[in-house]
file model23.txt (compact mmCIF, C-alpha atoms)
# COMPACT_ATOMS: atom_id res chain seq x y z
CA MET A 1 133.58 169.80 86.03
CA ALA A 2 131.93 166.73 84.51
CA LYS A 3 128.17 166.82 84.07
CA ILE A 4 126.18 163.56 84.14
CA LEU A 5 122.49 162.94 83.55
CA PHE A 6 121.07 160.23 85.82
CA ILE A 7 117.74 158.68 84.82
CA GLY A 8 115.64 157.57 87.79
CA SER A 9 115.94 158.77 91.39
CA ARG A 10 115.17 155.63 93.43
CA LEU A 11 118.78 154.40 93.35
CA PHE A 12 120.42 157.81 93.19
CA ASP A 13 121.37 157.73 96.87
CA ASP A 14 123.63 154.79 96.00
CA VAL A 15 125.83 157.09 93.91
CA ALA A 16 125.21 160.64 95.18
CA TYR A 17 128.12 160.69 97.63
CA HIS A 18 130.58 159.37 95.05
CA ALA A 19 129.38 161.82 92.40
CA ASN A 20 129.77 164.73 94.80
CA SER A 21 133.22 163.55 95.90
CA LEU A 22 134.35 163.68 92.25
CA GLY A 23 132.90 167.16 91.75
CA VAL A 24 130.32 165.86 89.27
CA GLU A 25 127.38 168.12 88.44
CA SER A 26 124.47 165.67 88.64
CA ILE A 27 121.32 166.23 86.57
CA LEU A 28 118.48 163.92 87.59
CA THR A 29 115.29 163.08 85.66
CA GLU A 30 112.35 161.39 87.34
CA SER A 31 108.69 160.88 86.44
CA ASN A 32 107.40 160.93 90.05
CA GLU A 33 107.45 164.36 91.67
CA ASN A 34 107.22 162.74 95.12
CA ALA A 35 110.13 160.35 94.55
CA ASP A 36 112.97 159.99 97.03
CA ASN A 37 116.47 161.44 96.59
CA LEU A 38 115.56 164.33 94.26
CA ASP A 39 117.29 166.90 96.45
CA LEU A 40 120.55 164.92 96.41
CA ALA A 41 121.19 166.01 92.81
CA SER A 42 122.63 169.32 91.65
CA LYS A 43 119.47 169.80 89.58
CA TYR A 44 116.43 167.67 88.82
CA TYR A 45 113.63 167.61 86.25
CA ILE A 46 110.21 165.98 86.57
CA VAL A 47 109.47 164.46 83.19
CA PRO A 48 106.84 162.23 81.55
CA ARG A 49 107.50 158.49 81.45
CA GLY A 50 109.70 157.42 78.57
CA PHE A 51 113.07 158.63 77.36
CA ASP A 52 112.36 161.39 74.83
CA GLU A 53 112.42 164.08 77.51
CA PRO A 54 115.56 162.81 79.31
CA MET A 55 117.32 162.70 75.93
CA LYS A 56 116.20 166.27 75.17
CA ILE A 57 117.44 167.45 78.59
CA ALA A 58 120.79 165.68 78.11
CA ILE A 59 121.29 167.56 74.86
CA GLU A 60 120.17 170.93 76.25
CA GLU A 61 122.30 170.54 79.38
CA ASN A 62 125.27 169.43 77.24
CA VAL A 63 126.04 166.55 79.60
CA ASP A 64 129.18 164.44 79.29
CA ALA A 65 127.37 161.11 79.78
CA ILE A 66 124.10 159.47 80.78
CA ILE A 67 123.76 156.81 83.50
CA PRO A 68 120.39 155.02 83.80
CA LEU A 69 119.46 153.98 87.34
CA ILE A 70 116.42 151.90 86.47
CA GLY A 71 115.82 148.83 88.61
CA ILE A 72 112.99 147.16 86.67
CA ASP A 73 113.03 145.36 83.34
CA SER A 74 110.18 146.94 81.36
CA PRO A 75 111.89 150.27 80.48
CA LEU A 76 115.28 148.75 79.59
CA MET A 77 114.70 148.42 75.84
CA GLY A 78 113.67 152.08 75.73
CA ILE A 79 116.96 153.03 77.39
CA ALA A 80 118.90 150.92 74.89
CA GLU A 81 117.09 152.57 71.97
CA MET A 82 117.83 156.01 73.41
CA LYS A 83 121.48 155.02 73.83
CA GLU A 84 121.88 154.11 70.19
CA LYS A 85 120.15 157.27 69.02
CA ILE A 86 121.91 159.84 71.21
CA GLU A 87 125.35 158.26 70.83
CA LYS A 88 124.97 158.41 67.06
CA THR A 89 123.50 161.90 66.77
CA HIS A 90 125.19 163.75 69.66
CA GLN A 91 128.09 161.51 70.73
CA ILE A 92 126.86 161.48 74.34
CA PRO A 93 127.82 158.08 75.83
CA VAL A 94 125.15 156.14 77.71
CA ILE A 95 126.75 153.77 80.20
CA PHE A 96 124.43 150.91 79.38
CA SER A 97 124.10 148.01 76.95
CA ASN A 98 122.67 148.22 73.43
CA THR A 99 119.40 146.84 72.05
CA ASN A 100 120.90 143.51 71.03
CA VAL A 101 122.15 142.79 74.56
CA VAL A 102 118.87 143.89 76.15
CA SER A 103 116.80 141.80 73.73
CA VAL A 104 118.78 138.68 74.66
CA ALA A 105 118.58 139.38 78.40
CA ALA A 106 114.89 140.34 78.41
CA ASP A 107 113.65 137.12 76.81
CA LYS A 108 114.38 133.95 78.78
CA ILE A 109 114.04 131.85 75.64
CA LYS A 110 116.59 133.99 73.76
CA THR A 111 118.84 133.92 76.82
CA LYS A 112 118.82 130.12 76.88
CA GLU A 113 119.62 129.93 73.15
CA PHE A 114 122.48 132.39 73.64
CA PHE A 115 123.95 130.32 76.47
CA LYS A 116 123.72 127.16 74.38
CA SER A 117 125.32 128.91 71.38
CA ILE A 118 128.49 129.59 73.39
CA GLY A 119 128.69 126.10 74.84
CA LEU A 120 127.35 126.66 78.37
CA ASN A 121 125.36 124.18 80.40
CA VAL A 122 121.65 124.98 80.73
CA PRO A 123 118.87 122.98 82.41
CA LYS A 124 116.94 120.57 80.18
CA SER A 125 113.99 122.48 78.80
CA GLY A 126 111.10 122.59 76.38
CA ILE A 127 108.55 125.11 75.14
CA LEU A 128 104.98 123.83 75.26
CA ASN A 129 101.67 125.34 74.27
CA LYS A 130 98.45 124.54 76.10
CA LYS A 131 97.20 122.54 73.10
CA ASP A 132 100.34 120.34 73.00
CA PHE A 133 99.07 117.93 75.70
CA VAL A 134 95.82 116.58 77.09
CA ASN A 135 96.94 114.75 80.23
CA GLU A 136 99.98 114.07 82.42
CA GLU A 137 101.22 111.24 80.23
CA SER A 138 101.20 113.30 77.04
CA PHE A 139 102.69 116.28 78.91
CA LEU A 140 105.69 114.32 80.19
CA ASP A 141 106.08 112.56 76.86
CA LYS A 142 106.30 115.91 75.05
CA LEU A 143 108.58 117.34 77.74
CA GLY A 144 111.08 114.48 77.92
CA PHE A 145 111.89 114.82 81.63
CA ASN A 146 110.04 114.43 84.92
CA PHE A 147 108.93 116.46 87.93
CA PRO A 148 109.88 118.67 89.67
CA ILE A 149 109.91 121.30 86.92
CA VAL A 150 110.04 125.07 86.60
CA LEU A 151 107.50 126.89 84.41
CA LYS A 152 108.34 130.39 83.15
CA GLN A 153 107.22 133.05 80.73
CA GLY A 154 109.67 134.63 78.30
CA GLU A 155 109.65 137.94 80.18
CA GLY A 156 109.45 138.85 83.84
CA GLN A 157 111.62 139.52 86.88
CA GLY A 158 111.67 138.89 90.62
CA GLY A 159 110.01 135.50 90.31
CA LYS A 160 107.00 136.90 88.41
CA ASP A 161 105.07 134.24 86.47
CA ILE A 162 107.39 131.46 87.65
CA CYS A 163 106.00 128.25 89.12
CA ILE A 164 107.87 125.28 90.56
CA ALA A 165 105.62 122.28 89.97
CA THR A 166 105.94 118.91 91.66
CA GLU A 167 102.75 117.43 90.21
CA PHE A 168 100.57 117.74 87.12
CA SER A 169 97.72 119.59 88.84
CA GLN A 170 100.06 122.57 89.27
CA VAL A 171 100.84 122.45 85.55
CA GLU A 172 97.12 122.52 84.73
CA GLU A 173 96.65 125.50 87.03
CA TYR A 174 99.58 127.34 85.43
CA PHE A 175 98.27 126.76 81.91
CA SER A 176 94.85 128.06 82.94
CA ASN A 177 96.53 131.47 83.01
CA PHE A 178 99.01 131.12 80.13
CA GLU A 179 98.87 129.75 76.60
CA MET A 180 102.52 128.66 76.57
CA ALA A 181 105.50 128.21 78.89
CA LEU A 182 109.23 127.67 78.92
CA ILE A 183 109.62 124.56 81.08
CA GLU A 184 112.93 123.59 82.69
CA GLU A 185 114.08 120.74 84.87
CA PHE A 186 114.42 121.77 88.51
CA ILE A 187 118.10 121.76 89.46
CA GLU A 188 119.00 121.07 93.08
CA GLY A 189 121.97 123.23 93.94
CA ASN A 190 123.35 126.60 94.93
CA GLU A 191 122.08 129.86 93.46
CA VAL A 192 124.86 132.23 92.43
CA SER A 193 124.97 135.73 90.98
CA ILE A 194 127.99 137.54 89.59
CA GLU A 195 128.26 141.09 88.27
CA VAL A 196 130.52 142.14 85.42
CA ILE A 197 131.86 145.64 84.68
CA CYS A 198 132.14 146.22 80.93
CA TRP A 199 133.55 149.03 78.79
CA ASN A 200 135.63 149.39 75.64
CA ASP A 201 135.62 145.63 75.02
CA THR A 202 137.12 144.95 78.45
CA TYR A 203 135.23 142.84 80.98
CA VAL A 204 135.92 142.48 84.71
CA PRO A 205 133.81 140.01 86.70
CA LEU A 206 133.42 140.84 90.39
CA ALA A 207 132.85 138.31 93.19
CA PRO A 208 130.52 135.31 92.83
CA ILE A 209 127.72 135.73 95.39
CA TYR A 210 125.99 132.77 97.06
CA LYS A 211 122.24 133.40 97.35
CA GLY A 212 121.17 130.18 99.04
CA ASP A 213 120.06 126.78 97.78
CA THR A 214 117.32 126.19 95.24
CA ASN A 215 114.06 125.21 96.90
CA LEU A 216 110.73 123.78 95.87
CA GLU A 217 108.87 126.52 97.76
CA GLY A 218 110.17 129.16 95.33
CA ILE A 219 111.49 131.43 98.10
CA HIS A 220 113.08 134.46 96.44
CA PRO A 221 116.81 134.93 97.19
CA ILE A 222 116.17 138.43 98.57
CA SER A 223 114.36 136.80 101.51
CA ARG A 224 117.40 134.72 102.47
CA LEU A 225 120.74 135.28 104.13
CA ARG A 226 123.27 135.77 101.31
CA LYS A 227 127.06 135.84 101.40
CA GLY A 228 130.14 136.12 99.27
CA PRO A 229 132.35 135.06 97.79
CA CYS A 230 131.20 131.49 97.14
CA ASP A 231 133.00 128.65 98.90
CA PHE A 232 132.40 125.44 96.96
CA ASP A 233 134.54 122.32 97.36
CA LYS A 234 134.84 121.26 93.72
CA ILE A 235 134.78 124.52 91.80
CA SER A 236 136.70 127.74 92.39
CA ASN A 237 135.53 131.33 92.26
CA GLU A 238 137.99 131.94 89.43
CA GLU A 239 136.22 129.30 87.34
CA ILE A 240 132.92 131.10 87.94
CA ARG A 241 134.52 134.44 87.05
CA ASP A 242 135.95 132.96 83.85
CA LEU A 243 132.48 131.74 82.89
CA ALA A 244 131.05 135.22 83.54
CA ARG A 245 133.79 136.81 81.45
CA LYS A 246 133.01 134.42 78.58
CA ILE A 247 129.35 135.45 78.69
CA ALA A 248 130.23 139.16 78.74
CA ILE A 249 132.68 138.88 75.83
CA ASN A 250 130.20 137.04 73.63
CA LEU A 251 127.30 139.26 74.66
CA LYS A 252 129.34 142.48 74.18
CA ALA A 253 127.62 144.12 77.15
CA GLU A 254 128.40 147.62 78.41
CA GLY A 255 128.16 149.21 81.83
CA THR A 256 127.23 146.65 84.45
CA PHE A 257 125.13 143.51 84.26
CA ASP A 258 124.73 140.37 86.31
CA ILE A 259 124.37 136.68 85.58
CA ASP A 260 122.30 134.16 87.54
CA LEU A 261 123.72 130.65 87.78
CA ILE A 262 122.96 127.40 89.60
CA TYR A 263 125.81 125.17 90.72
CA SER A 264 124.94 121.50 91.25
CA PRO A 265 127.48 119.97 93.69
CA GLU A 266 126.12 116.51 92.96
CA ARG A 267 126.82 116.84 89.22
CA ASN A 268 129.67 119.36 89.64
CA ILE A 269 128.10 121.44 86.87
CA ILE A 270 127.34 125.15 86.64
CA TYR A 271 124.09 125.91 84.83
CA ALA A 272 123.59 129.34 83.26
CA ILE A 273 120.09 130.66 84.01
CA GLU A 274 119.51 134.37 83.39
CA ILE A 275 121.09 137.72 82.47
CA ASN A 276 120.02 141.08 83.96
CA THR A 277 121.09 144.38 82.38
CA ARG A 278 119.79 146.56 85.24
CA PRO A 279 121.49 147.39 88.56
CA SER A 280 121.92 144.12 90.41
CA GLY A 281 120.19 143.09 93.59
CA THR A 282 123.56 141.80 94.81
CA ARG A 283 125.46 145.04 94.17
CA TYR A 284 126.06 145.72 97.89
CA LEU A 285 127.51 142.24 98.32
CA SER A 286 129.73 142.75 95.27
CA TYR A 287 130.88 146.04 96.80
CA ALA A 288 131.47 144.46 100.23
CA CYS A 289 133.56 141.62 98.74
CA THR A 290 135.68 143.61 96.30
CA GLY A 291 135.76 147.20 97.58
CA LEU A 292 134.40 148.22 94.16
CA SER A 293 130.89 149.63 93.92
CA PRO A 294 129.35 148.62 90.57
CA LEU A 295 127.25 151.78 90.32
CA ASN A 296 130.09 154.07 91.39
CA LEU A 297 132.23 152.50 88.69
CA LEU A 298 129.68 153.67 86.12
CA ILE A 299 130.40 157.24 87.23
CA ASP A 300 134.14 156.62 87.00
CA ILE A 301 133.65 155.34 83.44
CA ALA A 302 131.50 158.36 82.57
CA VAL A 303 134.08 160.90 83.74
CA GLY A 304 137.00 159.02 82.18
CA ASP A 305 138.46 158.12 85.57
CA CYS A 306 138.21 154.34 85.26
CA ASP A 307 140.97 152.30 83.69
CA ILE A 308 139.03 149.07 83.21
CA ASN A 309 142.23 147.16 82.56
CA SER A 310 143.53 148.07 86.03
CA LEU A 311 140.37 147.11 87.92
CA GLU A 312 141.51 143.53 88.42
CA SER A 313 144.45 144.70 90.52
CA LYS A 314 142.14 146.88 92.65
CA ILE A 315 139.80 144.06 93.66
CA GLN A 316 139.93 143.44 97.42
CA HIS A 317 139.33 139.99 98.84
CA ASN A 318 136.84 140.58 101.63
CA TYR A 319 133.95 138.50 102.91
CA ALA A 320 130.39 139.73 102.81
CA LEU A 321 127.19 138.85 104.62
CA GLU A 322 123.74 140.22 103.81
CA ILE A 323 120.80 139.71 106.16
CA PRO A 324 117.09 140.51 105.65
CA ILE A 325 116.06 142.46 108.75
CA GLY A 326 112.74 144.15 107.92
CA ASN A 327 113.29 147.32 109.95
CA TYR A 328 116.83 147.95 111.16
CA GLU A 329 117.01 149.08 114.81
CA GLY A 330 120.75 148.88 115.46
CA PRO A 331 123.39 151.62 115.59
CA SER A 332 123.19 154.24 112.85
CA PRO A 333 125.77 153.74 110.09
CA ASN A 334 128.42 156.43 109.85
CA GLU A 335 127.96 158.85 106.95
CA PRO A 336 127.93 158.23 104.05
CA VAL A 337 125.37 155.50 104.71
CA LYS A 338 125.70 153.82 101.29
CA GLU A 339 129.51 153.58 101.37
CA PHE A 340 131.93 151.33 103.26
CA ILE A 341 134.33 154.27 103.74
CA ASN A 342 133.74 154.93 107.46
CA GLY A 343 132.43 151.56 108.56
CA ASN A 344 131.93 147.93 107.77
CA TYR A 345 128.19 147.79 107.09
CA ILE A 346 125.44 149.37 104.98
CA VAL A 347 121.68 149.40 105.62
CA HIS A 348 119.57 149.58 102.49
CA GLY A 349 116.09 148.95 101.14
CA PRO A 350 112.66 150.41 101.98
CA LYS A 351 111.22 150.31 105.50
CA GLY A 352 109.86 146.86 106.27
CA TYR A 353 112.18 145.26 103.74
CA GLN A 354 115.57 146.52 104.82
CA ARG A 355 118.77 144.50 104.49
CA LEU A 356 122.07 144.74 106.33
CA THR A 357 125.23 144.16 104.28
CA ILE A 358 128.50 143.61 106.16
CA SER A 359 132.08 143.65 104.86
CA ALA A 360 134.84 141.92 106.84
CA LYS A 361 138.22 140.29 106.42
CA THR A 362 136.85 136.86 107.32
CA LEU A 363 133.38 135.31 107.32
CA ASP A 364 133.64 134.64 111.06
CA GLU A 365 134.30 138.35 111.60
CA ALA A 366 131.23 139.18 109.50
CA TYR A 367 129.07 136.94 111.71
CA ILE A 368 130.46 138.65 114.83
CA ILE A 369 129.62 142.10 113.43
CA ALA A 370 126.13 140.89 112.51
CA LYS A 371 125.52 139.73 116.08
CA GLU A 372 126.80 143.04 117.48
CA LEU A 373 124.47 145.02 115.20
CA THR A 374 121.33 142.90 115.50
CA GLY A 375 121.70 140.81 118.63
CA ASN A 376 121.13 137.63 116.60
CA ASP A 377 123.56 134.82 115.87
CA TYR A 378 123.55 133.94 112.15
CA SER A 379 126.62 131.69 112.11
call {"tool": "encode", "arguments": {"input": "model23.txt", "output": "structure tokens"}}
result
Amino acid sequence: MAKILFIGSRLFDDVAYHANSLGVESILTESNENADNLDLASKYYIVPRGFDEPMKIAIEENVDAIIPLIGIDSPLMGIAEMKEKIEKTHQIPVIFSNTNVVSVAADKIKTKEFFKSIGLNVPKSGILNKKDFVNEESFLDKLGFNFPIVLKQGEGQGGKDICIATEFSQVEEYFSNFEMALIEEFIEGNEVSIEVICWNDTYVPLAPIYKGDTNLEGIHPISRLRKGPCDFDKISNEEIRDLARKIAINLKAEGTFDIDLIYSPERNIIYAIEINTRPSGTRYLSYACTGLSPLNLLIDIAVGDCDINSLESKIQHNYALEIPIGNYEGPSPNEPVKEFINGNYIVHGPKGYQRLTISAKTLDEAYIIAKELTGNDYS
């Protein structure tokens, strides 16, 4: 029986059924004794924050692999450092990327330089300090392009510390809180995410997911209706997948990661925006489109039951729809609730912020299922 250490319990319900179905003994570490999903594991440990204790437990329990299930950015470098240490000293694989990959993904400025180094399109940008300008004229002169613009910090996720400015007063307000900013031109277009499964120098992009159009209000994609795969007139999904594969090969990522892109139909250009080395917010849509669960695949890799080279032939070509519903009040999903095995939909997310993800053979069928489950017409 394989034994796997999972770090973090919040997302463990995503993988618990699959782990049990494979006969995996699951060891779970978590810093919050009141966290959800603890009882879904074979055994769990409450540990201090950080990764010294999980590493110690992995060694004592003689696990076959470690899978981090961390959904926020701040601990990711610690995981990468643990990976390099425990793989070198105890040959326990950690299904996650190394420190070089995480350092590129965690810093938006490094990410942009990486994209440029491999010949990808990125939005026009500049890095300005507060002292670099005194008024709107000097600001735009230093910047070299006009409003609207996007102001960012090097680190941050979920829209944190990002401002879309349409006038100089918003720039002044932003710089009242920050000494410097990465500033990009605002691209009108379609927001896209794509996940890539990576192991042993083999890289398999999943389905490109459409997350809605860019907007000056800065509405986060999680608040919108999302669907997949993309359906653009001038560019194919295979072209987007090829771009994702190019990024993965040059980055030398491991495990799963996702890439944020913006496609401008007017210019017919894909702009590379960000890289995330944590579990993706579009993972249910990826699963619904392809029949492959990104997090379950990490378990398959860990137990040696995943031939990465054969994944391409296993990809299904379904359509997916994901709807923000707040609190779901429709029919209960068949067990297991986080799998598409016995049904065509999954409900996920915390109460008040739940989402409904539907898998169907056509997009029209997905809209019909959505209406049956919610009573609303989204088509």
call {"tool": "closest_atom_pairs", "arguments": {"input": "model23.txt", "of": "range 231-315 of chain A", "to": "range 320-340 of chain A", "cutoff": "9 Å", "atoms": "only C-alpha atoms", "output": "tab-separated table"}}
result
residue	atom	partner	partner_atom	distance
A:Tyr284	CA	A:Glu322	CA	8.4
A:Leu285	CA	A:Ala320	CA	5.9
A:Ser286	CA	A:Ala320	CA	8.1
A:Tyr287	CA	A:Phe340	CA	8.4
A:Ala288	CA	A:Ala320	CA	5.5
A:Cys289	CA	A:Ala320	CA	5.5
A:Gly291	CA	A:Phe340	CA	8.0
A:Ser293	CA	A:Glu339	CA	8.5
call {"tool": "atom_distance", "arguments": {"input": "model23.txt", "atom1": "CA of Ile162 in chain A", "atom2": "CA of Glu188 in chain A"}}
result
16.5 Å
call {"tool": "closest_residue", "arguments": {"input": "model23.txt", "among": "A:Glu167, A:Ile7, A:Asp14, A:Asn37", "to": "Ile346 in chain A", "atoms": "all atoms listed in the file"}}
result
A:Asp14
call {"tool": "residues_around", "arguments": {"input": "model23.txt", "residues": "Gly304 in chain A", "least_positions_apart": "3", "cutoff": "12 Å", "atoms": "only C-alpha atoms", "output": "number ranges by chain"}}
result
A: 1-4, 22, 24, 64-65, 93, 95, 199-200, 297-301, 307-308
call {"tool": "atom_distance", "arguments": {"input": "model23.txt", "atom1": "CA of Val303 in chain A", "atom2": "CA of Glu84 in chain A"}}
result
19.5 Å
call {"tool": "closest_residue", "arguments": {"input": "model23.txt", "among": "A:Asn190, A:Ser236, A:Thr362, A:Asn309", "to": "Thr214 in chain A", "atoms": "all atoms listed in the file"}}
result
A:Asn190
call {"tool": "closest_residue", "arguments": {"input": "model23.txt", "among": "A:Ile358, A:Ile273, A:Leu206, A:Cys306", "to": "Lys110 in chain A", "atoms": "all atoms listed in the file"}}
result
A:Ile273
call {"tool": "closest_residue", "arguments": {"input": "model23.txt", "among": "A:Cys163, A:Ile197, A:Ala19, A:Leu143", "to": "Glu217 in chain A", "atoms": "all atoms listed in the file"}}
result
A:Cys163
call {"tool": "closest_residue", "arguments": {"input": "model23.txt", "among": "A:Leu182, A:Val347, A:Cys230, A:Asn318", "to": "Pro123 in chain A", "atoms": "all atoms listed in the file"}}
result
A:Leu182
call {"tool": "build_atoms", "arguments": {"input": "model23.txt", "residues": "range 13-22 of chain A", "atoms": "all heavy atoms", "output": "PDB file, in the coordinates of the input"}}
result
ATOM      1  N   ASP A  13     120.612 157.619  95.621  1.00  0.00           N
ATOM      2  CA  ASP A  13     121.370 157.730  96.870  1.00  0.00           C
ATOM      3  C   ASP A  13     122.529 156.749  96.923  1.00  0.00           C
ATOM      4  O   ASP A  13     123.465 156.920  97.704  1.00  0.00           O
ATOM      5  CB  ASP A  13     120.472 157.584  98.098  1.00  0.00           C
ATOM      6  CG  ASP A  13     119.732 156.253  98.145  1.00  0.00           C
ATOM      7  OD1 ASP A  13     119.538 155.650  97.075  1.00  0.00           O
ATOM      8  OD2 ASP A  13     119.336 155.825  99.245  1.00  0.00           O
ATOM      9  N   ASP A  14     122.496 155.704  96.085  1.00  0.00           N
ATOM     10  CA  ASP A  14     123.630 154.790  96.000  1.00  0.00           C
ATOM     11  C   ASP A  14     124.883 155.481  95.469  1.00  0.00           C
ATOM     12  O   ASP A  14     126.009 155.073  95.796  1.00  0.00           O
ATOM     13  CB  ASP A  14     123.307 153.620  95.046  1.00  0.00           C
ATOM     14  CG  ASP A  14     122.509 152.520  95.717  1.00  0.00           C
ATOM     15  OD1 ASP A  14     121.861 152.799  96.732  1.00  0.00           O
ATOM     16  OD2 ASP A  14     122.534 151.380  95.217  1.00  0.00           O
ATOM     17  N   VAL A  15     124.697 156.498  94.620  1.00  0.00           N
ATOM     18  CA  VAL A  15     125.830 157.090  93.910  1.00  0.00           C
ATOM     19  C   VAL A  15     126.058 158.561  94.230  1.00  0.00           C
ATOM     20  O   VAL A  15     127.062 159.140  93.809  1.00  0.00           O
ATOM     21  CB  VAL A  15     125.658 156.937  92.378  1.00  0.00           C
ATOM     22  CG1 VAL A  15     125.584 155.474  91.991  1.00  0.00           C
ATOM     23  CG2 VAL A  15     124.419 157.677  91.879  1.00  0.00           C
ATOM     24  N   ALA A  16     125.137 159.188  94.968  1.00  0.00           N
ATOM     25  CA  ALA A  16     125.210 160.640  95.180  1.00  0.00           C
ATOM     26  C   ALA A  16     126.505 161.054  95.871  1.00  0.00           C
ATOM     27  O   ALA A  16     127.143 162.037  95.469  1.00  0.00           O
ATOM     28  CB  ALA A  16     124.001 161.105  95.990  1.00  0.00           C
ATOM     29  N   TYR A  17     126.904 160.320  96.910  1.00  0.00           N
ATOM     30  CA  TYR A  17     128.120 160.690  97.630  1.00  0.00           C
ATOM     31  C   TYR A  17     129.337 160.619  96.712  1.00  0.00           C
ATOM     32  O   TYR A  17     130.182 161.513  96.702  1.00  0.00           O
ATOM     33  CB  TYR A  17     128.322 159.760  98.836  1.00  0.00           C
ATOM     34  CG  TYR A  17     129.627 160.004  99.561  1.00  0.00           C
ATOM     35  CD1 TYR A  17     129.721 161.011 100.523  1.00  0.00           C
ATOM     36  CD2 TYR A  17     130.767 159.253  99.277  1.00  0.00           C
ATOM     37  CE1 TYR A  17     130.925 161.250 101.185  1.00  0.00           C
ATOM     38  CE2 TYR A  17     131.963 159.486  99.924  1.00  0.00           C
ATOM     39  CZ  TYR A  17     132.041 160.482 100.879  1.00  0.00           C
ATOM     40  OH  TYR A  17     133.239 160.719 101.522  1.00  0.00           O
ATOM     41  N   HIS A  18     129.431 159.543  95.940  1.00  0.00           N
ATOM     42  CA  HIS A  18     130.580 159.370  95.050  1.00  0.00           C
ATOM     43  C   HIS A  18     130.609 160.458  93.981  1.00  0.00           C
ATOM     44  O   HIS A  18     131.670 161.015  93.680  1.00  0.00           O
ATOM     45  CB  HIS A  18     130.546 157.992  94.414  1.00  0.00           C
ATOM     46  CG  HIS A  18     131.776 157.665  93.619  1.00  0.00           C
ATOM     47  ND1 HIS A  18     133.017 157.551  94.190  1.00  0.00           N
ATOM     48  CD2 HIS A  18     131.954 157.437  92.286  1.00  0.00           C
ATOM     49  CE1 HIS A  18     133.918 157.260  93.250  1.00  0.00           C
ATOM     50  NE2 HIS A  18     133.289 157.188  92.093  1.00  0.00           N
ATOM     51  N   ALA A  19     129.441 160.760  93.412  1.00  0.00           N
ATOM     52  CA  ALA A  19     129.380 161.820  92.400  1.00  0.00           C
ATOM     53  C   ALA A  19     129.843 163.148  92.975  1.00  0.00           C
ATOM     54  O   ALA A  19     130.641 163.879  92.358  1.00  0.00           O
ATOM     55  CB  ALA A  19     127.962 161.934  91.848  1.00  0.00           C
ATOM     56  N   ASN A  20     129.363 163.475  94.174  1.00  0.00           N
ATOM     57  CA  ASN A  20     129.770 164.730  94.800  1.00  0.00           C
ATOM     58  C   ASN A  20     131.262 164.752  95.110  1.00  0.00           C
ATOM     59  O   ASN A  20     131.927 165.780  94.958  1.00  0.00           O
ATOM     60  CB  ASN A  20     128.971 164.951  96.094  1.00  0.00           C
ATOM     61  CG  ASN A  20     127.522 165.284  95.821  1.00  0.00           C
ATOM     62  OD1 ASN A  20     127.178 165.740  94.739  1.00  0.00           O
ATOM     63  ND2 ASN A  20     126.665 165.042  96.799  1.00  0.00           N
ATOM     64  N   SER A  21     131.795 163.604  95.542  1.00  0.00           N
ATOM     65  CA  SER A  21     133.220 163.550  95.900  1.00  0.00           C
ATOM     66  C   SER A  21     134.109 163.772  94.685  1.00  0.00           C
ATOM     67  O   SER A  21     135.249 164.228  94.820  1.00  0.00           O
ATOM     68  CB  SER A  21     133.554 162.206  96.553  1.00  0.00           C
ATOM     69  OG  SER A  21     133.520 161.146  95.609  1.00  0.00           O
ATOM     70  N   LEU A  22     133.588 163.466  93.486  1.00  0.00           N
ATOM     71  CA  LEU A  22     134.350 163.680  92.250  1.00  0.00           C
ATOM     72  C   LEU A  22     134.090 165.063  91.651  1.00  0.00           C
ATOM     73  O   LEU A  22     134.659 165.400  90.611  1.00  0.00           O
ATOM     74  CB  LEU A  22     133.989 162.610  91.223  1.00  0.00           C
ATOM     75  CG  LEU A  22     134.361 161.163  91.554  1.00  0.00           C
ATOM     76  CD1 LEU A  22     133.886 160.228  90.445  1.00  0.00           C
ATOM     77  CD2 LEU A  22     135.866 161.021  91.767  1.00  0.00           C
TER      78      LEU A  22
END
